[in-house]
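What follows is one structure encoded as structure tokens, with my remarks underneath.
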Amino acid sequence: MLPALVLTLAVGLGAAAPPALPPMMAAARDGDAAAVTRLLNEGVSVRAAAPDGSTALHWAAHAGHTAIVSRLLAAGADAGAVTDLGVAPLHLAAAAGHAAIVQTLLNAGASATALTEAGIDPLMEAARVGDAAAVRALLDAGADPRRTEPVRGQTALMWAASGGHRAAAEALLARGAAVHARSLTRPLVVMFDRGPSRSVKTSGQDAHRVTAGGLTPLLFAALSGDVPTLEVLLAHGAPSNDVAADGRSALVLAAFDGHGTAARRLIEAGADVQADGAGYTALHAAVLRGDNDSVRALLARGANVHARLRQGSPVRRFGSQWALSHTLRGATPLMLAVAYLEVTLVRTLLAAGADPSLGLADGHTPLTMAAGAMVEREARPSDLVRWNVTDADTPLIPRDRRDVEAVVQALLDAGASPRDAGPGGQTPLHLAAADGHVGVIRALVAQGAVIDAQDAQGQTPLSLTLPRPAQPGRAPARAGQPEAEAVLRALAAAPRPPA
């Protein structure tokens, strides 16, 4: 939605008292009825305006002083006075949620269709703050519920839905607001990742042009996550499968933004659980959010557990964020759950038939990723909270060893092969050995991992546990993993059943 009108800047209402504020305006702002009466008796003009065009009536309307608004109007204040940005007292009263003052101003002849220079009418302001009484008063006075503002082509109903204001939305719909209206579209250049190894922050060759906008009231409600507003819109014929210009469906929007309850309501309303117009499904989004309830609801409605991530979501240049990394293209929901060590989700997806062998095009499998493969992905805000990590450009998120072991065991129990090698010929055992993860080493060997397997460089899991001096121009020094080394030597010496 468009940002709220900066009305406070237009008339100076957001700051402390301006140094040169005339006494009448100061009294109206402060709600000092006695001072207002005294100044009127002294002959101070009730229509006097500040250099920006604001009057005492603007101040009183904004501050919510109903009695003073009535007193000023009775003394001849102009209900239609506007600032140099076209802001009338009615805009301010509507934007502040003062329904009684809205009605008072309308009774005094204020225009319900007055527009600011930005093309905003009082109805949109009342809808934005969810003042249903003001919305009804403005509609009764002739405001048009189907009118669009000129910049993004948004309606009052869209603003109400964006704020999750059910009562305001109901009032608008009852008077003919267009439930199928769409906002304007516009080209937008975004990054789907941060460039190779995040070294490129603004690289033109890595940027992508998408089409933004094209949002309906239901899509705004999905973004806000307000279920009562969703219910109202659905009841008035809004299609549960609304899709934005960038391909995101209402269900994907709700799931991606972490509004699980809204996502599940859309599922109940028949939303397409397979939709992937943005390059990913609601199942991917729910996994990213760690929302097991929505994952289960999606699976129950037939969501494709093997859907592939075709395209990532746009990312900011810095910091952690909710984003599906373009580096994970080809990932199934299971691969994504493994990437973020979502143990419960891994088990849920495997129970639903997820194939533990389906990995990325580069050869990484869910098991290699769980064992320690480094595949770039965004650090989620929830992970920063969990680990008390201070946000940074590339925050490092620890891997809980218990979660690693649980995910590895779940994958092995589901039939994942510990012998399948990833990029460079490294098996899960190579990765666990390099990480010194004894529990994973034992689990992999117990399921048939080859202890003396060699990667493309001729290294075995055991060799990766040994310390190594720096190799100038080739590799940095490597500390050893003595515990993992001891376990591998013991397992190699132990009798093993024939393969």
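Labels used: A, B, ... for chains in the order of the structure tokens, numbers from 1 for residues in each chain, and numbers from 1 for ligands as shown.
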Select from region 139-280 of chain A everything DSSP, run on the backbone, classes as strand (DSSP E), then give the selection as a list in words.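 Going through region 139-280 of chain A, the strand (DSSP E) residues come out as Thr185, Arg186, Pro187, Leu188, Val189, Val190, Met191, Ala207, His208, Arg209, Val210, Thr211, Ala212 and Gly213 of chain A.
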Take the residues from that selection and put them in a file with N, CA and C atoms, as a PDB file, in the first residue's frame.
```pdb
ATOM      1  N   THR A 185       0.400  -1.893 -12.321  1.00  0.00           N
ATOM      2  CA  THR A 185       1.656  -2.649 -12.351  1.00  0.00           C
ATOM      3  C   THR A 185       2.795  -1.713 -12.755  1.00  0.00           C
ATOM      4  N   ARG A 186       4.010  -2.126 -12.412  1.00  0.00           N
ATOM      5  CA  ARG A 186       5.177  -1.314 -12.749  1.00  0.00           C
ATOM      6  C   ARG A 186       6.396  -2.216 -12.827  1.00  0.00           C
ATOM      7  N   PRO A 187       7.373  -1.874 -13.649  1.00  0.00           N
ATOM      8  CA  PRO A 187       8.603  -2.670 -13.695  1.00  0.00           C
ATOM      9  C   PRO A 187       9.447  -2.404 -12.449  1.00  0.00           C
ATOM     10  N   LEU A 188      10.113  -3.434 -11.997  1.00  0.00           N
ATOM     11  CA  LEU A 188      10.947  -3.312 -10.797  1.00  0.00           C
ATOM     12  C   LEU A 188      12.191  -4.163 -10.992  1.00  0.00           C
ATOM     13  N   VAL A 189      13.353  -3.613 -10.692  1.00  0.00           N
ATOM     14  CA  VAL A 189      14.605  -4.351 -10.800  1.00  0.00           C
ATOM     15  C   VAL A 189      14.975  -4.887  -9.418  1.00  0.00           C
ATOM     16  N   VAL A 190      15.219  -6.193  -9.332  1.00  0.00           N
ATOM     17  CA  VAL A 190      15.496  -6.834  -8.048  1.00  0.00           C
ATOM     18  C   VAL A 190      16.701  -7.751  -8.179  1.00  0.00           C
ATOM     19  N   MET A 191      17.229  -8.154  -7.032  1.00  0.00           N
ATOM     20  CA  MET A 191      18.271  -9.177  -6.967  1.00  0.00           C
ATOM     21  C   MET A 191      17.658 -10.419  -6.337  1.00  0.00           C
ATOM     22  N   ALA A 207      21.132  -8.573 -11.823  1.00  0.00           N
ATOM     23  CA  ALA A 207      19.815  -8.026 -11.513  1.00  0.00           C
ATOM     24  C   ALA A 207      18.763  -8.597 -12.461  1.00  0.00           C
ATOM     25  N   HIS A 208      17.533  -8.561 -12.017  1.00  0.00           N
ATOM     26  CA  HIS A 208      16.421  -9.100 -12.805  1.00  0.00           C
ATOM     27  C   HIS A 208      15.278  -8.093 -12.798  1.00  0.00           C
ATOM     28  N   ARG A 209      14.593  -7.994 -13.903  1.00  0.00           N
ATOM     29  CA  ARG A 209      13.428  -7.120 -13.993  1.00  0.00           C
ATOM     30  C   ARG A 209      12.161  -7.956 -13.790  1.00  0.00           C
ATOM     31  N   VAL A 210      11.345  -7.528 -12.840  1.00  0.00           N
ATOM     32  CA  VAL A 210      10.073  -8.195 -12.590  1.00  0.00           C
ATOM     33  C   VAL A 210       8.958  -7.165 -12.718  1.00  0.00           C
ATOM     34  N   THR A 211       7.734  -7.643 -12.763  1.00  0.00           N
ATOM     35  CA  THR A 211       6.577  -6.762 -12.793  1.00  0.00           C
ATOM     36  C   THR A 211       5.930  -6.784 -11.423  1.00  0.00           C
ATOM     37  N   ALA A 212       5.887  -5.636 -10.785  1.00  0.00           N
ATOM     38  CA  ALA A 212       5.303  -5.532  -9.452  1.00  0.00           C
ATOM     39  C   ALA A 212       3.898  -4.975  -9.544  1.00  0.00           C
ATOM     40  N   GLY A 213       3.143  -5.106  -8.461  1.00  0.00           N
ATOM     41  CA  GLY A 213       1.787  -4.567  -8.408  1.00  0.00           C
ATOM     42  C   GLY A 213       0.760  -5.572  -8.869  1.00  0.00           C
TER      43      GLY A 213
END
```
Give me the residues within 12 Å of Arg47 (chain A) as an mmCIF file with N, CA and C atoms, in the first residue's frame, counting only C-alpha atoms and dropping any in the same chain fewer than 4 places off.
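File selection_39.cif, as written:
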```cif
data_model
loop_
_atom_site.group_PDB
_atom_site.id
_atom_site.type_symbol
_atom_site.label_atom_id
_atom_site.label_comp_id
_atom_site.auth_asym_id
_atom_site.auth_seq_id
_atom_site.Cartn_x
_atom_site.Cartn_y
_atom_site.Cartn_z
ATOM 1 N N PRO A 22 0.637 30.834 15.489
ATOM 2 C CA PRO A 22 -0.233 31.880 16.029
ATOM 3 C C PRO A 22 -1.026 31.383 17.236
ATOM 4 N N MET A 24 -4.167 31.454 18.107
ATOM 5 C CA MET A 24 -5.414 30.728 17.838
ATOM 6 C C MET A 24 -5.127 29.286 17.448
ATOM 7 N N MET A 25 -4.129 29.069 16.610
ATOM 8 C CA MET A 25 -3.787 27.710 16.197
ATOM 9 C C MET A 25 -3.229 26.903 17.359
ATOM 10 N N LEU A 40 -11.405 34.658 20.025
ATOM 11 C CA LEU A 40 -12.511 35.024 19.137
ATOM 12 C C LEU A 40 -13.152 36.325 19.608
ATOM 13 N N GLY A 43 -11.452 39.323 18.545
ATOM 14 C CA GLY A 43 -11.519 39.641 17.131
ATOM 15 C C GLY A 43 -10.476 38.961 16.269
ATOM 16 N N GLY A 53 -0.710 27.340 4.749
ATOM 17 C CA GLY A 53 -2.135 27.263 4.482
ATOM 18 C C GLY A 53 -2.949 26.634 5.583
ATOM 19 N N SER A 54 -2.318 26.114 6.615
ATOM 20 C CA SER A 54 -3.070 25.478 7.693
ATOM 21 C C SER A 54 -3.768 26.527 8.546
ATOM 22 N N THR A 55 -4.930 26.142 9.081
ATOM 23 C CA THR A 55 -5.720 27.027 9.929
ATOM 24 C C THR A 55 -5.937 26.383 11.292
ATOM 25 N N ALA A 56 -6.557 27.141 12.182
ATOM 26 C CA ALA A 56 -6.878 26.590 13.504
ATOM 27 C C ALA A 56 -7.773 25.364 13.370
ATOM 28 N N LEU A 57 -8.625 25.356 12.370
ATOM 29 C CA LEU A 57 -9.522 24.212 12.170
ATOM 30 C C LEU A 57 -8.732 22.961 11.807
ATOM 31 N N HIS A 58 -7.687 23.115 11.013
ATOM 32 C CA HIS A 58 -6.825 21.964 10.717
ATOM 33 C C HIS A 58 -6.274 21.361 12.013
ATOM 34 N N LEU A 72 -15.189 26.657 16.293
ATOM 35 C CA LEU A 72 -14.547 27.364 15.185
ATOM 36 C C LEU A 72 -15.475 27.465 13.979
ATOM 37 N N LEU A 73 -16.176 26.382 13.688
ATOM 38 C CA LEU A 73 -17.110 26.402 12.560
ATOM 39 C C LEU A 73 -18.236 27.400 12.804
ATOM 40 N N ALA A 74 -18.719 27.434 14.051
ATOM 41 C CA ALA A 74 -19.792 28.379 14.384
ATOM 42 C C ALA A 74 -19.327 29.818 14.235
ATOM 43 N N ALA A 75 -18.017 30.023 14.422
ATOM 44 C CA ALA A 75 -17.457 31.379 14.311
ATOM 45 C C ALA A 75 -17.080 31.722 12.880
ATOM 46 N N GLY A 76 -17.318 30.800 11.941
ATOM 47 C CA GLY A 76 -17.076 31.109 10.543
ATOM 48 C C GLY A 76 -15.860 30.454 9.924
ATOM 49 N N ALA A 77 -15.252 29.478 10.606
ATOM 50 C CA ALA A 77 -14.101 28.780 10.018
ATOM 51 C C ALA A 77 -14.523 28.100 8.723
ATOM 52 N N ASP A 78 -13.591 28.053 7.775
ATOM 53 C CA ASP A 78 -13.866 27.466 6.464
ATOM 54 C C ASP A 78 -13.603 25.957 6.514
ATOM 55 N N ALA A 79 -14.673 25.164 6.417
ATOM 56 C CA ALA A 79 -14.533 23.708 6.481
ATOM 57 C C ALA A 79 -13.762 23.163 5.299
ATOM 58 N N GLY A 80 -13.676 23.944 4.216
ATOM 59 C CA GLY A 80 -12.984 23.469 3.025
ATOM 60 C C GLY A 80 -11.604 24.056 2.836
ATOM 61 N N ALA A 81 -11.072 24.749 3.830
ATOM 62 C CA ALA A 81 -9.739 25.349 3.709
ATOM 63 C C ALA A 81 -8.702 24.260 3.478
ATOM 64 N N VAL A 82 -7.733 24.554 2.626
ATOM 65 C CA VAL A 82 -6.705 23.546 2.333
ATOM 66 C C VAL A 82 -5.323 24.141 2.518
#
```
Let's see if you can do this: from backbone DSSP, list all helix (DSSP H, G or I) residues in region 47-190 of chain A, as an NGL selection string. :A and (56-63 or 66-74 or 89-95 or 99-107 or 122-129 or 132-140 or 156-162 or 166-174)
Neighbours of Tyr280 (chain A) within 7 Å (only C-alpha atoms; same-chain residues fewer than 2 positions away dropped), as a PDB file with N, CA and C atoms, in the first residue's frame?
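This is the output file result38.pdb:
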```pdb
ATOM      1  N   ASP A 276       2.757 -21.944  -8.483  1.00  0.00           N
ATOM      2  CA  ASP A 276       4.173 -21.597  -8.324  1.00  0.00           C
ATOM      3  C   ASP A 276       4.587 -20.536  -9.334  1.00  0.00           C
ATOM      4  N   ALA A 278       5.495 -17.618  -9.044  1.00  0.00           N
ATOM      5  CA  ALA A 278       6.647 -16.794  -8.669  1.00  0.00           C
ATOM      6  C   ALA A 278       7.940 -17.593  -8.656  1.00  0.00           C
ATOM      7  N   ALA A 282       3.620 -22.497  -2.139  1.00  0.00           N
ATOM      8  CA  ALA A 282       3.298 -22.180  -0.748  1.00  0.00           C
ATOM      9  C   ALA A 282       3.984 -23.164   0.192  1.00  0.00           C
ATOM     10  N   HIS A 284       7.018 -24.455  -0.202  1.00  0.00           N
ATOM     11  CA  HIS A 284       8.362 -23.907   0.013  1.00  0.00           C
ATOM     12  C   HIS A 284       8.324 -22.773   1.032  1.00  0.00           C
ATOM     13  N   LEU A 309      12.123 -25.618  -6.534  1.00  0.00           N
ATOM     14  CA  LEU A 309      12.297 -24.175  -6.500  1.00  0.00           C
ATOM     15  C   LEU A 309      12.869 -23.730  -7.847  1.00  0.00           C
ATOM     16  N   ARG A 310      12.066 -23.007  -8.623  1.00  0.00           N
ATOM     17  CA  ARG A 310      12.516 -22.581  -9.952  1.00  0.00           C
ATOM     18  C   ARG A 310      13.212 -21.235  -9.928  1.00  0.00           C
ATOM     19  N   GLN A 311      12.869 -20.422  -8.966  1.00  0.00           N
ATOM     20  CA  GLN A 311      13.439 -19.074  -8.884  1.00  0.00           C
ATOM     21  C   GLN A 311      13.345 -18.606  -7.445  1.00  0.00           C
TER      22      GLN A 311
END
```
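Nearest residue to Val287 (chain A), choosing from A:Gly436, A:Pro356, A:Pro333, A:Gly97 and counting only C-alpha atoms: A:Pro333.
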Need the shell around Ala93 (chain A): protein/DNA/RNA residues with any atom at most 9 Å away, counting only C-alpha atoms. Skip same-chain ones fewer than 2 positions apart. Format as a short mmCIF file (atom, residue, chain, number, x, y, z; two decimals) with N, CA and C atoms, in the first residue's frame?
```cif
data_model
loop_
_atom_site.label_atom_id
_atom_site.label_comp_id
_atom_site.auth_asym_id
_atom_site.auth_seq_id
_atom_site.Cartn_x
_atom_site.Cartn_y
_atom_site.Cartn_z
N HIS A 58 -7.69 23.12 11.01
CA HIS A 58 -6.82 21.96 10.72
C HIS A 58 -6.27 21.36 12.01
N ALA A 60 -7.30 21.65 15.18
CA ALA A 60 -8.32 21.06 16.06
C ALA A 60 -8.83 19.74 15.49
N ALA A 61 -9.00 19.66 14.16
CA ALA A 61 -9.48 18.43 13.53
C ALA A 61 -8.46 17.31 13.70
N HIS A 62 -7.21 17.64 13.52
CA HIS A 62 -6.17 16.63 13.66
C HIS A 62 -6.06 16.13 15.09
N ALA A 63 -6.16 17.06 16.06
CA ALA A 63 -5.97 16.70 17.46
C ALA A 63 -7.20 16.03 18.07
N GLY A 64 -8.33 16.11 17.39
CA GLY A 64 -9.52 15.42 17.89
C GLY A 64 -10.32 16.22 18.90
N ALA A 88 -7.20 19.19 3.53
CA ALA A 88 -8.31 19.86 4.21
C ALA A 88 -8.44 19.31 5.63
N PRO A 89 -9.14 20.04 6.51
CA PRO A 89 -9.38 19.50 7.86
C PRO A 89 -10.03 18.11 7.82
N LEU A 90 -10.86 17.87 6.82
CA LEU A 90 -11.53 16.58 6.72
C LEU A 90 -10.51 15.44 6.49
N HIS A 91 -9.49 15.70 5.69
CA HIS A 91 -8.45 14.69 5.51
C HIS A 91 -7.80 14.34 6.85
N ALA A 95 -7.83 10.82 8.73
CA ALA A 95 -6.56 10.12 8.91
C ALA A 95 -6.28 9.81 10.37
N ALA A 96 -6.84 10.63 11.29
CA ALA A 96 -6.63 10.42 12.71
C ALA A 96 -7.72 9.56 13.35
N GLY A 97 -8.71 9.17 12.59
CA GLY A 97 -9.76 8.31 13.11
C GLY A 97 -10.76 9.02 14.00
N HIS A 98 -11.02 10.29 13.71
CA HIS A 98 -11.97 11.06 14.51
C HIS A 98 -13.31 11.12 13.77
N ALA A 99 -14.12 10.07 13.91
CA ALA A 99 -15.36 9.96 13.14
C ALA A 99 -16.34 11.08 13.47
N ALA A 100 -16.42 11.48 14.75
CA ALA A 100 -17.37 12.53 15.11
C ALA A 100 -17.01 13.85 14.43
N ILE A 101 -15.72 14.14 14.34
CA ILE A 101 -15.29 15.38 13.69
C ILE A 101 -15.51 15.28 12.18
N VAL A 102 -15.29 14.09 11.62
CA VAL A 102 -15.59 13.90 10.20
C VAL A 102 -17.04 14.27 9.92
N LEU A 105 -17.63 18.09 10.25
CA LEU A 105 -17.12 18.82 9.09
C LEU A 105 -18.00 18.62 7.86
N PRO A 122 -10.57 11.81 1.51
CA PRO A 122 -10.77 11.46 2.92
C PRO A 122 -11.18 10.00 3.13
N GLU A 125 -8.23 7.78 3.56
CA GLU A 125 -7.59 7.96 4.87
C GLU A 125 -8.38 7.26 5.97
N ALA A 126 -9.69 7.35 5.93
CA ALA A 126 -10.52 6.69 6.93
C ALA A 126 -10.39 5.18 6.82
#
```
If you count only C-alpha atoms, the residue of A:Gln103, A:Ser325, A:Thr148, A:Thr390 closest to Asp121 (chain A) turns out to be A:Thr148
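In this comparison, which uses only C-alpha atoms, the residue of A:Ala416, A:Val487, A:Ala477, A:Leu138 approaching Ile451 (chain A) most closely is A:Val487.
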Name the closest residue to Ala112 (chain A) among the candidates A:Val315, A:Leu85, A:Pro145, A:Ala323; distances are taken between atoms, counting only C-alpha atoms.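 Nearest candidate to Ala112 (chain A) out of A:Val315, A:Leu85, A:Pro145, A:Ala323: A:Pro145.
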I'd like the contact shell of Ala269 (chain A) - 12 Å cut-off, only C-alpha atoms, skipping same-chain residues fewer than 2 positions apart - returned as a PyMOL selection string. chain A and resi 227+230-231+233-235+237-242+250-251+262-267+271-273+301
Could the residues in this selection be written to a file with C-alpha atoms, as a short mmCIF file (atom, residue, chain, number, x, y, z; two decimals), in the first residue's frame?
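As written to disk, part-v8.cif reads:
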```cif
data_model
loop_
_atom_site.label_atom_id
_atom_site.label_comp_id
_atom_site.auth_asym_id
_atom_site.auth_seq_id
_atom_site.Cartn_x
_atom_site.Cartn_y
_atom_site.Cartn_z
CA VAL A 227 -8.37 -13.60 8.63
CA LEU A 230 -10.11 -12.34 4.26
CA GLU A 231 -13.44 -13.84 5.26
CA LEU A 233 -13.64 -10.47 0.92
CA LEU A 234 -14.18 -14.15 0.16
CA ALA A 235 -17.84 -13.81 1.12
CA GLY A 237 -16.77 -13.02 -4.25
CA ALA A 238 -13.04 -12.46 -4.08
CA PRO A 239 -11.37 -15.49 -5.72
CA SER A 240 -9.12 -17.47 -3.37
CA ASN A 241 -6.67 -17.94 -6.26
CA ASP A 242 -5.94 -14.27 -6.88
CA ALA A 250 -2.70 -15.07 -2.26
CA LEU A 251 -1.78 -18.38 -0.64
CA ALA A 262 -4.55 -16.86 6.84
CA ALA A 263 -2.80 -19.35 4.59
CA ARG A 264 -4.79 -22.22 6.05
CA ARG A 265 -8.04 -20.28 5.63
CA LEU A 266 -7.20 -19.78 1.95
CA ILE A 267 -6.51 -23.49 1.63
CA ALA A 271 -6.74 -21.91 -3.06
CA ASP A 272 -4.48 -23.76 -5.49
CA VAL A 273 -1.82 -25.46 -3.37
CA ARG A 301 -4.79 -30.88 0.13
#
```
Between CA of Ala167 (chain A) and CA of Arg136 (chain A) - distance in Å to one decimal: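 Taking CA of Arg136 (chain A) as the start and CA of Ala167 (chain A) as the end point, the length is 10.2 Å.
By only C-alpha atoms, and with residues fewer than 5 positions from Val440 (chain A) along its chain excluded, the set lying at most 9 Å from it is Ala371, Arg401, Val404, Glu405, Val408, Gln409, Pro428, Leu429, Ala432, Ala433 and Val445 of chain A.
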For the selection you just gave me, I'd like the residues written to a file as a CSV table (one decimal), in the first residue's frame, keeping C-alpha atoms.
```
chain,number,residue,atom,x,y,z
A,371,ALA,CA,26.1,-33.6,6.9
A,401,ARG,CA,24.5,-30.8,16.6
A,404,VAL,CA,22.0,-32.3,12.6
A,405,GLU,CA,22.0,-35.8,14.0
A,408,VAL,CA,20.6,-37.2,9.2
A,409,GLN,CA,19.0,-40.1,11.0
A,428,PRO,CA,28.3,-37.3,3.5
A,429,LEU,CA,31.0,-39.1,5.5
A,432,ALA,CA,30.8,-35.1,8.7
A,433,ALA,CA,34.5,-36.0,9.2
A,445,VAL,CA,28.9,-45.9,8.9
```
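Separating CA of Pro398 (chain A) from CA of Leu288 (chain A) is a distance of 17.1 Å.
In terms of minimum interatomic distance to His259 (chain A), A:Gly290 ranks closest within A:Pro366, A:Gly290, A:Gly277, A:Gly302, counting only C-alpha atoms.
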Contacts of Ala479 (chain A) at 8 Å or less, counting only C-alpha atoms, minus same-chain residues fewer than 4 places along, as a short mmCIF file (atom, residue, chain, number, x, y, z; two decimals) with C-alpha atoms, in the first residue's frame?
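Final output, saved to part29.cif:
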```
data_model
loop_
_atom_site.label_atom_id
_atom_site.label_comp_id
_atom_site.auth_asym_id
_atom_site.auth_seq_id
_atom_site.Cartn_x
_atom_site.Cartn_y
_atom_site.Cartn_z
CA LEU A 466 44.06 -34.78 10.23
CA PRO A 467 45.77 -31.42 10.83
CA ARG A 468 47.34 -29.84 7.78
#
```
Rounded to one decimal, what separation in Å do you get between CA of Ile441 (chain A) and CA of Thr327 (chain A)? 27.0 Å
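In this comparison, which uses only C-alpha atoms, the residue of A:Ala275, A:His306, A:Arg182, A:Asp140 approaching Ala245 (chain A) most closely is A:Arg182.
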